[in-house]
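Trainee: For reference, the file target-v9.cif (mmCIF, C-alpha atoms and all ligand atoms) is included below:
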data_my_file
loop_
_atom_site.label_atom_id
_atom_site.label_comp_id
_atom_site.auth_asym_id
_atom_site.auth_seq_id
_atom_site.Cartn_x
_atom_site.Cartn_y
_atom_site.Cartn_z
CA MET F 241 121.35 43.70 155.60
CA GLN F 242 120.87 47.27 156.76
CA SER F 243 121.07 48.06 160.46
CA LEU F 244 118.04 47.37 162.62
CA LYS F 245 118.98 50.08 165.12
CA ASN F 246 116.78 53.14 165.70
CA ILE F 247 113.64 51.34 164.58
CA LYS F 248 110.74 51.70 167.00
CA LYS F 249 108.24 49.43 165.26
CA LEU F 250 109.55 46.63 163.07
CA GLY F 251 107.35 44.30 161.02
CA ILE F 252 108.58 40.84 160.03
CA MET F 253 107.20 39.36 156.85
CA GLY F 254 108.18 35.69 156.56
CA GLY F 255 107.32 33.39 153.69
CA THR F 256 108.63 31.10 151.01
CA PHE F 257 108.22 33.84 148.37
CA ASN F 258 108.32 31.27 145.61
CA PRO F 259 108.05 33.73 143.88
CA ILE F 260 107.16 37.01 145.62
CA HIS F 261 104.19 38.76 143.96
CA TYR F 262 101.92 41.79 144.25
CA ALA F 263 99.62 40.27 146.89
CA HIS F 264 102.62 39.94 149.27
CA LEU F 265 103.70 43.49 148.51
CA LEU F 266 100.24 44.98 148.78
CA SER F 267 99.47 43.38 152.13
CA SER F 268 102.86 44.46 153.50
CA SER F 269 102.33 48.00 152.40
CA TYR F 270 98.80 48.01 153.82
CA VAL F 271 99.94 46.72 157.22
CA PHE F 272 102.88 49.13 157.21
CA GLU F 273 100.54 52.07 156.85
CA LYS F 274 97.79 50.91 159.17
CA TYR F 275 100.08 50.05 162.10
CA ASN F 276 102.48 52.94 161.60
CA LEU F 277 105.47 50.67 161.30
CA ASP F 278 108.94 52.11 160.69
CA LYS F 279 110.27 49.23 158.62
CA ILE F 280 109.23 45.78 157.43
CA ILE F 281 111.86 43.13 157.04
CA PHE F 282 111.22 40.32 154.55
CA ILE F 283 112.70 36.98 155.59
CA PRO F 284 112.48 34.26 152.94
CA THR F 285 112.35 30.80 154.54
CA GLY F 286 115.25 28.39 154.28
CA GLU F 287 115.16 25.04 152.55
CA PRO F 288 116.02 22.20 154.91
CA PRO F 289 117.85 19.52 152.86
CA HIS F 290 115.16 16.87 153.48
CA LYS F 291 112.46 19.16 152.18
CA ARG F 292 114.14 20.14 148.93
CA ASN F 293 111.64 20.06 146.14
CA ILE F 294 112.00 20.83 142.45
CA ASN F 295 109.14 23.30 142.64
CA ILE F 296 110.92 25.44 145.20
CA ALA F 297 113.49 27.77 143.71
CA SER F 298 116.74 27.84 145.66
CA GLY F 299 117.02 30.17 148.63
CA GLU F 300 119.41 32.33 146.66
CA HIS F 301 116.90 32.81 143.83
CA ARG F 302 114.00 33.53 146.19
CA TYR F 303 116.16 36.00 148.11
CA ASN F 304 117.18 37.76 144.88
CA MET F 305 113.56 38.00 143.73
CA VAL F 306 112.43 39.56 147.02
CA ASN F 307 115.37 41.93 146.85
CA LEU F 308 114.36 43.06 143.36
CA ALA F 309 110.71 43.42 144.35
CA ILE F 310 111.39 45.72 147.31
CA GLN F 311 114.35 47.66 145.97
CA ASP F 312 112.39 50.87 145.37
CA ASN F 313 110.82 50.93 148.82
CA PRO F 314 113.13 52.32 151.53
CA ASN F 315 110.75 51.03 154.21
CA PHE F 316 111.19 47.41 153.18
CA LEU F 317 114.30 45.46 154.17
CA ILE F 318 115.40 41.89 153.53
CA SER F 319 117.30 39.33 155.57
CA ASN F 320 118.89 36.02 154.64
CA ILE F 321 119.09 34.63 158.17
CA GLU F 322 116.68 31.76 157.47
CA ILE F 323 118.15 30.93 154.09
CA GLU F 324 121.64 30.73 155.60
CA ARG F 325 120.50 28.13 158.11
CA ASP F 326 120.67 24.61 156.76
CA ASP F 327 118.52 23.16 159.51
CA THR F 328 114.79 23.27 160.00
CA THR F 329 113.99 26.87 160.77
CA TYR F 330 112.00 27.75 163.87
CA THR F 331 110.35 31.13 164.23
CA ILE F 332 111.60 31.46 167.81
CA ASP F 333 115.22 31.26 166.61
CA THR F 334 114.62 33.87 163.90
CA LEU F 335 112.90 36.17 166.40
CA ARG F 336 115.76 35.87 168.89
CA GLN F 337 118.27 36.66 166.20
CA ILE F 338 116.32 39.69 164.94
CA LYS F 339 115.71 40.90 168.50
CA SER F 340 119.43 40.77 169.23
CA MET F 341 120.06 43.10 166.30
CA CYS F 342 117.46 45.69 167.38
CA ASP F 343 117.39 48.25 170.16
CA GLU F 344 116.16 47.09 173.54
CA ASP F 345 112.78 48.84 173.15
CA THR F 346 111.96 47.94 169.53
CA ASP F 347 108.47 46.52 169.12
CA ILE F 348 108.42 43.55 166.75
CA TYR F 349 105.29 42.66 164.80
CA PHE F 350 105.15 39.30 163.11
CA ILE F 351 102.92 39.63 160.03
CA THR F 352 101.10 36.49 159.05
CA GLY F 353 97.90 35.09 157.54
CA THR F 354 95.02 33.21 159.19
CA ASP F 355 96.39 29.83 158.03
CA THR F 356 99.56 30.43 159.97
CA ILE F 357 98.00 31.92 163.10
CA ASN F 358 95.95 28.72 163.36
CA GLN F 359 99.22 26.82 163.79
CA VAL F 360 101.03 29.11 166.22
CA TYR F 361 99.78 27.26 169.35
CA ASN F 362 101.72 24.28 168.01
CA TRP F 363 105.01 26.08 167.36
CA LYS F 364 108.25 25.62 169.27
CA GLU F 365 108.20 27.79 172.45
CA THR F 366 104.92 29.53 171.72
CA GLU F 367 104.94 31.34 175.07
CA ASN F 368 108.42 32.74 174.48
CA ILE F 369 107.40 33.86 171.00
CA PHE F 370 104.76 36.11 172.58
CA LYS F 371 107.43 37.62 174.84
CA LEU F 372 109.37 38.67 171.77
CA CYS F 373 106.71 39.87 169.34
CA LYS F 374 103.12 40.75 168.59
CA PHE F 375 101.19 39.32 165.68
CA ILE F 376 99.42 41.13 162.88
CA VAL F 377 97.14 38.67 161.17
CA THR F 378 96.03 39.68 157.70
CA THR F 379 92.53 38.37 157.04
CA ARG F 380 89.88 38.00 154.42
CA PRO F 381 86.14 38.30 155.12
CA ASN F 382 84.67 35.19 156.82
CA TYR F 383 87.96 33.81 158.07
CA VAL F 384 87.81 30.89 160.48
CA LEU F 385 89.85 30.43 163.64
CA ASP F 386 90.12 27.04 165.29
CA ASP F 387 89.50 26.51 169.02
CA ASN F 388 93.17 26.30 170.00
CA THR F 389 93.76 29.64 168.32
CA LYS F 390 90.76 31.22 170.09
CA ASN F 391 92.26 30.14 173.43
CA LEU F 392 95.60 31.56 172.38
CA ILE F 393 93.98 34.88 171.52
CA ASP F 394 92.20 34.99 174.89
CA LYS F 395 95.50 34.46 176.61
CA HIS F 396 97.42 37.07 174.63
CA LYS F 397 94.70 39.65 174.16
CA ASN F 398 96.84 42.66 173.38
CA LYS F 399 99.32 40.82 171.27
CA ILE F 400 97.32 39.65 168.28
CA TYR F 401 95.78 42.16 165.86
CA PHE F 402 93.57 41.35 162.94
CA CYS F 403 93.83 43.43 159.80
CA GLU F 404 91.52 42.98 156.85
CA ILE F 405 93.45 43.46 153.62
CA PRO F 406 92.21 44.05 150.07
CA LYS F 407 91.63 40.80 148.25
CA LEU F 408 93.99 40.06 145.37
CA GLU F 409 93.61 36.70 143.70
CA ILE F 410 97.31 36.12 143.10
CA SER F 411 99.19 33.09 144.35
CA SER F 412 102.72 31.80 143.89
CA THR F 413 101.34 28.38 142.97
CA ASN F 414 99.34 29.91 140.16
CA ILE F 415 102.32 31.95 138.93
CA ARG F 416 104.52 28.84 138.80
CA LYS F 417 101.80 26.95 136.95
CA ARG F 418 101.50 29.76 134.42
CA VAL F 419 105.25 29.87 133.80
CA GLU F 420 105.22 26.15 133.20
CA GLN F 421 102.32 26.49 130.78
CA GLU F 422 104.07 29.34 129.00
CA LYS F 423 101.30 31.77 129.88
CA THR F 424 101.91 35.39 130.76
CA ILE F 425 102.64 36.44 134.37
CA THR F 426 102.81 40.15 133.59
CA TYR F 427 100.86 42.29 136.12
CA LEU F 428 101.00 39.54 138.75
CA LEU F 429 104.44 40.51 140.05
CA PRO F 430 106.99 43.28 139.51
CA LYS F 431 108.53 43.41 136.06
CA ASN F 432 112.06 42.87 137.32
CA VAL F 433 111.00 39.70 139.15
CA GLU F 434 109.32 38.43 136.00
CA GLU F 435 112.51 39.06 134.04
CA TYR F 436 114.56 37.32 136.72
CA ILE F 437 112.34 34.21 136.48
CA TYR F 438 112.81 33.98 132.70
CA LYS F 439 116.49 34.78 132.78
CA ASN F 440 117.16 32.03 135.29
CA ASN F 441 114.74 29.54 133.79
CA LEU F 442 112.86 29.11 137.06
CA TYR F 443 109.76 26.92 137.35
CA LYS F 444 110.30 25.22 134.00
CA THR F 445 110.99 21.59 133.35
CA ASP F 446 113.05 20.99 130.30
CA PHE F 447 111.27 18.08 128.67
CA PHE F 448 112.96 18.55 125.33
CA LYS F 449 116.40 17.85 126.75
CA LYS F 450 115.10 14.86 128.63
CA TYR F 451 113.52 13.17 125.61
CA GLU F 452 116.20 14.03 123.07
CA LYS F 453 116.63 10.38 122.06
CA GLN F 454 112.93 9.88 121.27
CA LEU F 455 112.86 13.21 119.44
CA ASN F 456 115.67 12.12 117.15
CA ILE F 457 113.99 8.86 116.19
CA LEU F 458 110.74 10.70 115.63
CA LYS F 459 112.36 13.29 113.40
CA GLN F 460 113.63 10.57 111.10
CA ASN F 461 110.18 8.98 110.81
CA LEU F 462 107.90 11.98 110.33
CA THR F 463 107.55 14.74 107.79
CA GLU F 464 108.49 18.16 109.08
CA LYS F 465 104.85 19.15 109.33
CA ARG F 466 103.90 16.02 111.26
CA PHE F 467 106.92 16.44 113.54
CA ASN F 468 105.89 19.99 114.41
CA HIS F 469 102.34 18.84 115.04
CA SER F 470 103.68 16.18 117.45
CA ILE F 471 105.62 18.79 119.40
CA GLN F 472 102.50 20.93 119.69
CA VAL F 473 100.42 17.96 120.85
CA ALA F 474 103.08 17.14 123.46
CA LYS F 475 103.01 20.71 124.82
CA GLU F 476 99.23 20.91 124.78
CA ALA F 477 98.98 17.51 126.51
CA LYS F 478 101.44 18.65 129.18
CA ASN F 479 99.37 21.77 129.86
CA LEU F 480 96.14 19.80 130.02
CA ALA F 481 97.82 17.36 132.40
CA ILE F 482 98.90 20.18 134.71
CA GLN F 483 95.40 21.60 134.60
CA HIS F 484 93.72 18.27 135.42
CA ASN F 485 96.32 16.88 137.84
CA VAL F 486 97.51 14.12 135.56
CA ASP F 487 101.19 13.07 135.26
CA LYS F 488 102.60 15.77 132.97
CA GLU F 489 105.65 13.76 131.92
CA LYS F 490 103.53 10.88 130.70
CA ALA F 491 101.25 13.29 128.89
CA PHE F 492 104.15 15.08 127.22
CA LEU F 493 105.85 11.91 126.04
CA ALA F 494 102.65 10.18 124.88
CA GLY F 495 101.71 13.35 122.99
CA LEU F 496 105.11 13.46 121.37
CA ILE F 497 104.98 9.84 120.21
CA HIS F 498 101.25 9.56 119.38
CA ASP F 499 101.70 9.86 115.59
CA CYS F 500 104.93 7.86 115.36
CA CYS F 501 103.47 5.62 112.59
CA LYS F 502 101.51 8.33 110.83
CA CYS F 503 103.99 8.75 107.96
CA PHE F 504 104.55 5.06 107.30
CA PRO F 505 103.92 4.28 103.62
CA LEU F 506 101.35 1.53 102.95
CA PRO F 507 103.84 -1.31 102.49
CA LYS F 508 105.40 -0.45 105.84
CA ILE F 509 101.97 -0.46 107.49
CA TYR F 510 101.35 -4.01 106.23
CA GLU F 511 104.83 -5.06 107.21
CA THR F 512 104.36 -3.68 110.73
CA CYS F 513 100.99 -5.44 111.06
CA GLU F 514 102.66 -8.68 110.15
CA LYS F 515 105.59 -8.18 112.47
CA TYR F 516 103.36 -7.58 115.50
CA LYS F 517 100.63 -9.99 114.38
CA PHE F 518 98.08 -7.19 114.32
CA GLU F 519 95.11 -7.96 112.12
CA LEU F 520 93.43 -5.06 110.33
CA ASP F 521 89.65 -5.17 110.79
CA ASP F 522 87.35 -4.40 107.86
CA ILE F 523 87.28 -0.69 108.54
CA LEU F 524 91.04 -0.41 108.90
CA LYS F 525 91.48 -2.33 105.68
CA LYS F 526 89.39 0.29 103.89
CA GLN F 527 91.02 3.19 105.75
CA PRO F 528 94.55 2.03 106.55
CA ASP F 529 95.45 5.56 107.62
CA LEU F 530 93.45 4.92 110.82
CA ALA F 531 95.75 2.00 111.62
CA HIS F 532 98.60 4.35 112.58
CA SER F 533 97.28 4.74 116.09
CA PHE F 534 96.86 0.98 116.66
CA LEU F 535 100.32 0.27 115.28
CA GLY F 536 101.66 3.17 117.35
CA TYR F 537 101.01 0.98 120.38
CA TYR F 538 103.60 -1.59 119.25
CA ILE F 539 106.15 0.85 117.85
CA ALA F 540 106.02 3.05 120.96
CA LYS F 541 106.68 -0.04 123.07
CA ASP F 542 109.37 -1.54 120.89
CA ILE F 543 111.22 1.39 119.36
CA TYR F 544 110.54 4.25 121.78
CA ASN F 545 110.76 2.03 124.85
CA ILE F 546 107.49 3.11 126.43
CA GLN F 547 106.28 0.40 128.80
CA ASP F 548 103.51 2.23 130.62
CA GLU F 549 100.23 0.63 129.57
CA ASP F 550 98.22 3.84 130.07
CA MET F 551 100.58 5.78 127.79
CA LEU F 552 100.48 3.03 125.20
CA ASN F 553 96.69 2.99 125.26
CA SER F 554 96.52 6.75 124.91
CA ILE F 555 98.49 6.36 121.66
CA LYS F 556 96.41 3.39 120.53
CA TYR F 557 93.05 5.12 120.92
CA HIS F 558 93.98 8.66 119.88
CA THR F 559 92.11 8.47 116.56
CA THR F 560 88.99 6.55 117.57
CA GLY F 561 88.60 7.14 121.30
CA ARG F 562 86.79 4.39 123.21
CA GLU F 563 84.39 3.89 126.11
CA ASN F 564 85.61 4.71 129.59
CA MET F 565 88.93 6.30 128.67
CA SER F 566 91.55 7.07 131.31
CA ASN F 567 92.32 10.75 131.91
CA LEU F 568 95.59 10.38 130.02
CA GLU F 569 93.78 8.82 127.04
CA LYS F 570 91.33 11.72 127.06
CA ILE F 571 94.16 14.25 127.21
CA ILE F 572 96.01 12.83 124.20
CA TYR F 573 92.78 12.53 122.22
CA ILE F 574 91.87 16.15 123.01
CA ALA F 575 95.37 17.61 122.59
CA ASP F 576 95.56 16.08 119.11
CA TYR F 577 92.38 17.92 118.21
CA ILE F 578 93.04 21.32 119.76
CA GLU F 579 96.81 21.85 119.44
CA PRO F 580 97.44 25.51 118.58
CA THR F 581 98.81 25.11 115.05
CA ARG F 582 95.71 23.29 113.74
CA PRO F 583 94.14 25.40 110.99
CA TYR F 584 90.86 26.99 112.05
CA PHE F 585 87.71 24.90 111.83
CA ASP F 586 84.22 25.22 113.29
CA GLY F 587 84.14 24.34 116.96
CA ILE F 588 87.85 24.62 117.70
CA TYR F 589 87.42 27.49 120.20
CA GLU F 590 84.63 25.70 122.01
CA ALA F 591 86.71 22.53 122.17
CA ARG F 592 89.70 24.46 123.56
CA GLU F 593 87.60 26.08 126.22
CA LEU F 594 85.93 22.83 127.28
CA ALA F 595 89.27 21.01 127.35
CA TYR F 596 90.57 23.11 130.23
CA LYS F 597 87.27 22.94 132.12
CA ASP F 598 85.94 19.42 131.81
CA LEU F 599 87.66 16.52 130.03
CA ASP F 600 84.48 14.45 129.62
CA LYS F 601 82.51 17.30 128.10
CA ALA F 602 85.40 18.05 125.76
CA ILE F 603 85.58 14.39 124.68
CA GLN F 604 81.85 14.31 124.03
CA TYR F 605 82.02 17.53 122.02
CA ILE F 606 84.97 16.43 119.91
CA LEU F 607 83.52 12.96 119.23
CA LYS F 608 80.27 14.51 118.08
CA ASN F 609 82.05 16.94 115.74
CA THR F 610 84.40 14.30 114.37
CA ILE F 611 81.63 11.80 113.69
CA GLN F 612 79.57 14.49 111.97
CA PHE F 613 82.52 15.69 109.90
CA ASN F 614 83.56 12.20 108.79
CA THR F 615 80.00 11.22 107.95
CA GLN F 616 79.71 14.27 105.70
CA LYS F 617 82.96 13.28 104.02
CA GLY F 618 81.56 9.82 103.36
CA ARG F 619 84.06 8.08 105.62
CA ILE F 620 83.18 5.01 107.64
CA ILE F 621 83.02 5.65 111.36
CA HIS F 622 84.93 3.17 113.47
CA PRO F 623 82.63 1.34 115.93
CA LEU F 624 84.94 2.32 118.79
CA SER F 625 84.13 5.99 118.12
CA ILE F 626 80.40 5.32 118.04
CA GLU F 627 80.57 3.36 121.29
CA ALA F 628 82.66 6.13 122.82
CA TYR F 629 80.17 8.78 121.73
CA GLU F 630 77.23 6.83 123.15
CA TYR F 631 79.17 6.37 126.38
CA TYR F 632 80.12 10.04 126.83
CA LYS F 633 76.72 11.36 125.75
CA LYS F 634 75.25 9.97 128.98
FE FE Q 701 97.12 10.59 114.63
FE FE Q 702 98.02 13.68 115.59
#
Show the structure stored in the file as structure tokens.

Mentor:
Amino acid sequence: MQSLKNIKKLGIMGGTFNPIHYAHLLSSSYVFEKYNLDKIIFIPTGEPPHKRNINIASGEHRYNMVNLAIQDNPNFLISNIEIERDDTTYTIDTLRQIKSMCDEDTDIYFITGTDTINQVYNWKETENIFKLCKFIVTTRPNYVLDDNTKNLIDKHKNKIYFCEIPKLEISSTNIRKRVEQEKTITYLLPKNVEEYIYKNNLYKTDFFKKYEKQLNILKQNLTEKRFNHSIQVAKEAKNLAIQHNVDKEKAFLAGLIHDCCKCFPLPKIYETCEKYKFELDDILKKQPDLAHSFLGYYIAKDIYNIQDEDMLNSIKYHTTGRENMSNLEKIIYIADYIEPTRPYFDGIYEARELAYKDLDKAIQYILKNTIQFNTQKGRIIHPLSIEAYEYYKK
């Protein structure tokens, strides 16, 4: 870290920075200008061992990203003092450490948001914190302060400033979500930070490595085209699950396995029915192709070792749907219909849009289209689909 000597007004910008993005940089630069600061020092928070979480990149990575983001700005500095501490980090300790590195008369400004200022009354050694620094609170229109904070402000009148900053709808949570969904994050953060994220594989879960065994069995049982479709359904299901707060691992795996019986030749379909004592109803007898989802239930359980009943049901009902489906069942049903390599057909864009907004509306839309399409083709509609359509129409 550069020296903190000869700085009259020093801003401190703390945060997880997981990852740092343009809203952090813009608000820092805005505060820097408005309060005539000499420098701002970015201090990424540490990661106490008990709080370690797969969604938080390591301290080293977060430090490196901040470093890249501020490298062109001589007014912005960075410190690793919180990252180096293995314990729970308290602001008072950080402030004391920074203060000891500055000149006697340096004014320290702790830059924070309204969420944080509402907690300051509860921090360790609040009174001593106010002896060491002032606060600059960046706000949005209509911000709310709780009563404890109002008392705190009364008590420390000249030590808390409020600064309205331009609104930028960028959040680290959203950036991480986008990386996971393989969507672009360009223009949300500096280019070099974006490159760093990809180079170091941050914020991604490697499902393909994890389910290598299932993938190998699947490969042997599907045509190449069907195998690729299954991968696409798995990815789409994972993204829908993230969007709708459903277990993404279950969605990915169920999506991967959903068509595991699709390429069975007829004799193998009959053989499998016999083995698991599954009786084909009249409709399945006439359209044995539809049976692949019902048989998928048994094969997924037996061969792919899936024991979760919700996952098994999402495989079982992925062709017909049914009344009152679970969210996971809906996701597999929808992902099968909208996966990105499906050739274009009428309604696909609408279905894709609905899928990420409202699962029930998407289900209703897809059931309607499918029933219409199959009727035109002269196929018999399975009663489960008709019941499902009646159910979701309401
Ligand atoms: Fe299928
Ligand atoms: Fe499928």

Trainee: What separation in Å, quoted to one decimal, exists between atom CA of F:Asn485 and atom CA of F:Asn440?

Mentor: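 So the answer is 25.9 Å.
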
Trainee: Provide the atom CA of F:Phe257 to atom CA of F:Pro284 distance in Å, to one decimal place.

Mentor: 6.3 Å

Trainee: Using all atoms listed in the file, which protein or nucleic acid residues come within 6 Å of stretch 415-425 of chain F? Drop anything in the same chain fewer than 5 positions from it, and give the result as a list in words.

Mentor: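 Skipping anything fewer than 5 positions along the chain leaves Tyr443, Lys444 and Asn479 of chain F.
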
Trainee: Between atom CA of F:Ala477 and atom CA of F:Leu493, measure the distance and give it in Å to one decimal.

Mentor: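 Result for atom CA of F:Ala477 versus atom CA of F:Leu493: 8.9 Å, one decimal.
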
Trainee: Write out as a list in words which residues come within 7 Å of F:Thr352 when counting all atoms listed in the file, dropping same-chain ones fewer than 4 positions away.

Mentor: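 The neighbour list is Thr356, Ile357, Ile376, Val377 and Thr378 of chain F.
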
Trainee: Residues within 8 Å of ligand FE 701 (chain Q), counting all atoms listed in the file: report them as a PDB file with C-alpha atoms, keeping the file's coordinate frame.

Mentor:
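Written file, part_22.pdb:
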ATOM      1  CA  HIS F 498     101.250   9.560 119.380  1.00  0.00           C
ATOM      2  CA  ASP F 499     101.700   9.860 115.590  1.00  0.00           C
ATOM      3  CA  LYS F 502     101.510   8.330 110.830  1.00  0.00           C
ATOM      4  CA  LEU F 530      93.450   4.920 110.820  1.00  0.00           C
ATOM      5  CA  HIS F 532      98.600   4.350 112.580  1.00  0.00           C
ATOM      6  CA  SER F 533      97.280   4.740 116.090  1.00  0.00           C
ATOM      7  CA  HIS F 558      93.980   8.660 119.880  1.00  0.00           C
ATOM      8  CA  THR F 559      92.110   8.470 116.560  1.00  0.00           C
ATOM      9  CA  ASP F 576      95.560  16.080 119.110  1.00  0.00           C
TER      10      ASP F 576
END

Trainee: Which residues are near ligand FE 702 (chain Q) - at most 10 Å, using all atoms listed in the file? Format: as a list in words.

Mentor: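 The distance check yields Arg466, Phe467, His469, Ser470, Ile471, Gln472, Val473, Ala474, Gly495, Leu496, Ile497, His498, Asp499, Cys500, Lys502, His532, Ser533, Ile555, His558, Thr559, Ile572, Tyr573, Ile574, Ala575, Asp576, Tyr577 and Glu579 of chain F.
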
Trainee: Select all residues near (109.8, 8.1, 111.1) (cut-off 9 Å, inclusive, file coordinates), counting only C-alpha atoms, and output them as JSON, numbers by chain.

Mentor: {"F": [457, 458, 459, 460, 461, 462, 463, 500, 501, 502, 503, 504]}

Trainee: Go ahead and write the selection's residues with C-alpha atoms as an mmCIF file, keeping the file's coordinate frame.

Mentor:
data_model
loop_
_atom_site.group_PDB
_atom_site.id
_atom_site.type_symbol
_atom_site.label_atom_id
_atom_site.label_comp_id
_atom_site.auth_asym_id
_atom_site.auth_seq_id
_atom_site.Cartn_x
_atom_site.Cartn_y
_atom_site.Cartn_z
ATOM 1 C CA ILE F 457 113.990 8.860 116.190
ATOM 2 C CA LEU F 458 110.740 10.700 115.630
ATOM 3 C CA LYS F 459 112.360 13.290 113.400
ATOM 4 C CA GLN F 460 113.630 10.570 111.100
ATOM 5 C CA ASN F 461 110.180 8.980 110.810
ATOM 6 C CA LEU F 462 107.900 11.980 110.330
ATOM 7 C CA THR F 463 107.550 14.740 107.790
ATOM 8 C CA CYS F 500 104.930 7.860 115.360
ATOM 9 C CA CYS F 501 103.470 5.620 112.590
ATOM 10 C CA LYS F 502 101.510 8.330 110.830
ATOM 11 C CA CYS F 503 103.990 8.750 107.960
ATOM 12 C CA PHE F 504 104.550 5.060 107.300
#

Trainee: So which one's closest to F:Met341, F:Ser319, F:Lys634, F:Tyr596, F:Lys478? Using all atoms listed in the file, please.

Mentor: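 Closest candidate: F:Ser319.
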
Trainee: Just the residues within 8 Å of stretch 597-601 of chain F, please, counting only C-alpha atoms, with nothing from its chain fewer than 3 positions along; format it as a VMD selection string.

Mentor: chain F and resid 567 570 to 571 593 to 594 604 to 605 632

Trainee: So, with all atoms listed in the file as the atoms that count, which of F:Ile603, F:Val486, F:Leu520, F:Thr581 lies closest to F:Asp550?

Mentor: F:Val486

Trainee: From the options F:Lys431, F:Tyr361, F:Ile621, F:Ala531, which residue's atoms come nearest to F:Glu519, counting all atoms listed in the file?

Mentor: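 Nearest candidate to F:Glu519 out of F:Lys431, F:Tyr361, F:Ile621, F:Ala531: F:Ala531.
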
Trainee: Give me, as a VMD selection string, all polymer residues having an atom no more than 12 Å from F:Phe282, counting only C-alpha atoms and skipping those fewer than 5 positions away in the same chain.

Mentor: chain F and resid 241 250 to 257 260 264 to 265 268 to 269 302 to 311 315 to 323 334 338 350 to 352

Trainee: Applying 10 Å and all atoms listed in the file, which residues near stretch 392-405 of chain F remain after dropping the ones on its own chain fewer than 2 positions away? List them as JSON, numbers by chain.

Mentor: {"F": [263, 266, 267, 268, 270, 271, 274, 275, 349, 350, 351, 352, 353, 354, 357, 358, 360, 361, 366, 367, 370, 371, 373, 374, 375, 376, 377, 378, 379, 380, 381, 383, 385, 387, 388, 389, 390, 407, 408]}

Trainee: Filtering to C-alpha atoms, could you give me those residues as an mmCIF file, in the frame of the given file?

Mentor:
data_model
loop_
_atom_site.group_PDB
_atom_site.id
_atom_site.type_symbol
_atom_site.label_atom_id
_atom_site.label_comp_id
_atom_site.auth_asym_id
_atom_site.auth_seq_id
_atom_site.Cartn_x
_atom_site.Cartn_y
_atom_site.Cartn_z
ATOM 1 C CA ALA F 263 99.620 40.270 146.890
ATOM 2 C CA LEU F 266 100.240 44.980 148.780
ATOM 3 C CA SER F 267 99.470 43.380 152.130
ATOM 4 C CA SER F 268 102.860 44.460 153.500
ATOM 5 C CA TYR F 270 98.800 48.010 153.820
ATOM 6 C CA VAL F 271 99.940 46.720 157.220
ATOM 7 C CA LYS F 274 97.790 50.910 159.170
ATOM 8 C CA TYR F 275 100.080 50.050 162.100
ATOM 9 C CA TYR F 349 105.290 42.660 164.800
ATOM 10 C CA PHE F 350 105.150 39.300 163.110
ATOM 11 C CA ILE F 351 102.920 39.630 160.030
ATOM 12 C CA THR F 352 101.100 36.490 159.050
ATOM 13 C CA GLY F 353 97.900 35.090 157.540
ATOM 14 C CA THR F 354 95.020 33.210 159.190
ATOM 15 C CA ILE F 357 98.000 31.920 163.100
ATOM 16 C CA ASN F 358 95.950 28.720 163.360
ATOM 17 C CA VAL F 360 101.030 29.110 166.220
ATOM 18 C CA TYR F 361 99.780 27.260 169.350
ATOM 19 C CA THR F 366 104.920 29.530 171.720
ATOM 20 C CA GLU F 367 104.940 31.340 175.070
ATOM 21 C CA PHE F 370 104.760 36.110 172.580
ATOM 22 C CA LYS F 371 107.430 37.620 174.840
ATOM 23 C CA CYS F 373 106.710 39.870 169.340
ATOM 24 C CA LYS F 374 103.120 40.750 168.590
ATOM 25 C CA PHE F 375 101.190 39.320 165.680
ATOM 26 C CA ILE F 376 99.420 41.130 162.880
ATOM 27 C CA VAL F 377 97.140 38.670 161.170
ATOM 28 C CA THR F 378 96.030 39.680 157.700
ATOM 29 C CA THR F 379 92.530 38.370 157.040
ATOM 30 C CA ARG F 380 89.880 38.000 154.420
ATOM 31 C CA PRO F 381 86.140 38.300 155.120
ATOM 32 C CA TYR F 383 87.960 33.810 158.070
ATOM 33 C CA LEU F 385 89.850 30.430 163.640
ATOM 34 C CA ASP F 387 89.500 26.510 169.020
ATOM 35 C CA ASN F 388 93.170 26.300 170.000
ATOM 36 C CA THR F 389 93.760 29.640 168.320
ATOM 37 C CA LYS F 390 90.760 31.220 170.090
ATOM 38 C CA LYS F 407 91.630 40.800 148.250
ATOM 39 C CA LEU F 408 93.990 40.060 145.370
#

Trainee: Calculated over all atoms listed in the file, which of the candidates F:Pro314, F:Glu344, F:Ala494, F:Gln337 has the smallest distance to F:Lys249?

Mentor: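 Checking each of F:Pro314, F:Glu344, F:Ala494, F:Gln337 against F:Lys249, counting all atoms listed in the file, the winner is F:Glu344.
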